[in-house]
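Peer 1: Can you keep this structure in mind? I'll have questions shortly.
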Amino acid sequence: MVLNLTSEDWTAIILSLRIASVATAVTLPFGIAVALLLARKDFWGKALVDAVIYLPLVLPPVVTGYLLLITLGRRAPVGAFLADHFGIVFSFRWTGAVISCGVMAFPLMVRAIRLSIEAIDRRLEDAASTLGANRFWAFATITLPLALPGIVAGAMLAFARALGEFGATITFVSNIPGETQTISAAIYTLTQVPGGDAAALDLVIVAVLISVAALMASEWLARRAIARMHGI
Amino acid sequence: MLTVDIEKRLGDFALAASFNSEGVTALYGPSGSGKTSIVNMIAGLMKPDRGRIALDDLVLLDRSARINVPAAKRRIGYVFQEGRLFPHMSVKRNLDYGRWMGEHAADPAAFAHVIDLLDIGHLLDRRPGKLSGGERQRVAVGRALLMKPRLLLLDEPLASLDTGRKNEIFPYLERLRDEAKVPMIYVSHDAAEVKRIASRVVRVEGGKVTATGGMELLSQAVMPRAGGASSP
């Protein structure tokens with residue numbers, strides 16, 4: 001079977017990959033920091049922070065997109081401030097899609113990383129500190145490498161989630177070919193036209209292929225990380 | 001000389017220890033008597049509520065003067081009951097960890113000496129997961145020695161080993177005592193072990209130091225869990 005992809009299809013595919021990659025890369029440091037905070041620290045209001053982070057997982061994506069629109073939109077308070085003072089505009093831009101995908105993917109990423117950090121024996125860090133490692137180095141040389149399988153899994157989950165994101169993105173930044181039209185949005189657009197479902201099939205196949213590849217890559221990376229850890 | 005005079009409350013358990021240590025001193029007493037908590041406070045992994053710890057002229061902790069040297073800066077070697085080798089590093093990396101964190105220049109002579117002393121040269125490329133219990137503890141001793149500690153804490157280093165393994169590793173500990181000339185605190189509940197390795201005995205029962213002296217303390221029966229305190 002040969003895929004018959006139009007240049008519009010390619011634009012959507014490349015844009016999707018770009019948005020999902022950037023969203024994953026940008027959220028990863030925050031994901032690690034928040035996972036570490038939730039796994040290791042008890043603080044006042046932790047339950048609330050926990051709930052807010054997991055909210056996008058349970059809210060209808062359209063609601064999350066709407067909330068982004070009324071905070072980061074061009075005329076919304078935060079959005080207007082960023083646009084006036086820094087010239088940063090998210091609405092109807094691919095960077096806005098990065099934001100919505102990042103927000104939607106964040107809970108999955110945090111959860112995977114948090115579980116892997118919680119599984120690490122904290123006493124190893126005590127051992128590191130008696131050997132002269134301050135807190136930063138103990139984290140960098142012990143905790144971080146031991147949490148690597150969870151970090152890889154979290155990043156891949158986030159990437160897959162970002163790739164499939166539709167509701168929040170279309171609500172926040174609309175469906176503009178070449179700017180915010182991802183694979184999902186392109187499929188949706190094609191199916192709205194009579195007879196367009198045949199053209200959509202090619203994109204559907206591409207979406208399946210990318211998802212399977214991402215899943216296999218994450219399995220492979222996680223297995224390698226675990227093997228490295230046990231010295232095989 | 002190490003001088004310790006500390007108090008710490010751990011739930012219902014009150015710990016109060018005051019003693020001096022020179023050469024090889026055994027902290028001897030039943031399990032749950034607070035020996036590990038005492039060495040944790042010497043290492044800087046636990047903070048006493050009150051008191052003072054000094055090593056020769058160097059004050060490591062003085063609550064009333066608000067001095068508390070962090071564990072990473074104390075340069076006190078610690079051999080834990082369960083070894084606590086870093087599972088994601090080779091034996092060689094584990095041995096080098098203290099030098100790496102302390103940013104000391106490589107000292108091949110010292111490295112060769114410790115390797116030879118503990119007979120661990122053939123293990124360097126292995127991961128801790130592939131070591132036997134006895135090998136693991138020898139590497140743990142080597143790791144603590146190679147940071148060139150001012151003092152070496154050994155917390156029941158043989159407790160996780162069966163009798164055969166204990167007899168196998170003991171000669172190494174005796175060589176360490178005779179050749180390395182590092183002052184040591186040896187924690188144990190086993191009179192036979194203490195008799196073989198230590199020159200002084202500090203008896204700990206129910207969170208208190210009940211006697212200090214020589215080997216004659218070993219022949220007196222140790223009260224089981226004085227005061228019926230629960231073990232912390």
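In the structure tokens, each chain is lettered A, B, ... as it comes, each chain's residues begin at 1, and ligands are numbered from 1 in order of appearance.
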Taking only residues of chain A that have an atom at most 12 Å from an atom of chain B, what is each one's shortest atom pair and its distance in Å to one decimal, using only C-alpha atoms, in chain and number order, as CSV?

Peer 2:
```
residue,atom,partner,partner_atom,distance
A:Ile120,CA,B:Pro87,CA,10.8
A:Asp121,CA,B:Arg84,CA,9.2
A:Arg122,CA,B:Arg84,CA,10.2
A:Arg123,CA,B:Arg84,CA,7.5
A:Leu124,CA,B:Arg84,CA,5.9
A:Glu125,CA,B:Phe86,CA,9.3
A:Asp126,CA,B:Leu45,CA,6.7
A:Ala127,CA,B:Arg84,CA,6.7
A:Ala128,CA,B:Ala72,CA,8.0
A:Ser129,CA,B:Ala72,CA,4.7
A:Thr130,CA,B:Ala72,CA,5.2
A:Leu131,CA,B:Gly98,CA,4.7
A:Gly132,CA,B:Ala72,CA,3.9
A:Ala133,CA,B:Ala72,CA,5.4
A:Asn134,CA,B:Ala72,CA,5.7
A:Arg135,CA,B:Ala72,CA,8.7
A:Phe136,CA,B:Met101,CA,11.1
A:Trp137,CA,B:Met101,CA,7.9
A:Ala138,CA,B:Met101,CA,9.3
A:Ala140,CA,B:Met101,CA,11.5
A:Thr141,CA,B:Phe86,CA,9.6
A:Ile142,CA,B:Phe86,CA,7.4
A:Thr143,CA,B:Phe86,CA,10.2
A:Leu144,CA,B:His88,CA,10.9
A:Pro145,CA,B:His88,CA,7.6
A:Leu146,CA,B:His88,CA,7.1
A:Ala147,CA,B:His88,CA,10.7
A:Leu148,CA,B:His88,CA,10.7
A:Ala225,CA,B:His88,CA,9.7
A:Ile226,CA,B:His88,CA,9.1
A:Ala227,CA,B:His88,CA,9.3
A:Arg228,CA,B:His88,CA,6.8
A:Met229,CA,B:His88,CA,4.2
A:His230,CA,B:His88,CA,6.2
A:Gly231,CA,B:Arg127,CA,5.3
A:Ile232,CA,B:Arg127,CA,8.4
```

Peer 1: In Å, how far is it from CA of Ala140 (chain B) to CA of Val91 (chain B)?

Peer 2: 9.3 Å

Peer 1: Do you have the CA of Leu163 (chain A)-CA of Val110 (chain A) distance handy?

Peer 2: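 Separation between CA of Leu163 (chain A) and CA of Val110 (chain A): 17.4 Å.
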
Peer 1: Could you pull out the helix (DSSP H, G or I) residues of region 87-173 of chain A from DSSP and send them as a PyMOL selection string?

Peer 2: chain A and resi 94-118+123-130+135-146+148-164+167-173

Peer 1: Please compute the CA of Ser7 (chain A)-CA of Ser100 (chain A) distance, one decimal, in Å.

Peer 2: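 CA of Ser7 (chain A) sits 25.2 Å away from CA of Ser100 (chain A).
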
Peer 1: Counting only C-alpha atoms, which residue out of A:Phe172, A:Thr180, A:Trp220, A:Met104 sits closest to Val58 (chain A)?

Peer 2: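 When distances to Val58 (chain A) are compared using only C-alpha atoms, the smallest one comes from A:Met104.
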
Peer 1: Excluding Ile113 (chain A) and any residue of its chain fewer than 2 positions from it, enumerate the residues within 6 Å of it, using only C-alpha atoms, and give them as a ChimeraX atom specification.

Peer 2: /A:35,110-111,115-116,150-151,154

Peer 1: Mind dumping the selected residues with C-alpha atoms as a tab-separated table (two decimals), in the first residue's frame?

Peer 2:
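Okay, this is what ended up in part_13.tsv:
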```tsv
chain	number	residue	atom	x	y	z
A	35	ALA	CA	7.67	15.23	40.39
A	110	VAL	CA	4.68	14.02	36.29
A	111	ARG	CA	2.98	10.82	37.35
A	115	LEU	CA	6.53	7.04	40.74
A	116	SER	CA	10.09	6.31	39.65
A	150	GLY	CA	10.65	6.78	34.61
A	151	ILE	CA	11.78	10.01	32.99
A	154	GLY	CA	7.13	10.08	31.18
```

Peer 1: Quick one: of B:Asp49, B:Asp162, B:Gly207, B:Ser64, who's nearest to Asp12 (chain B), counting only C-alpha atoms?

Peer 2: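 For Asp12 (chain B), the nearest of the given residues is B:Gly207.
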
Peer 1: Please identify all polymer residues within 10 Å of Gly133 (chain B), counting only C-alpha atoms, omitting same-chain residues fewer than 6 positions from it, and present them as a PyMOL selection string.

Peer 2: chain B and resi 82-83+158+160-162+165-166+169
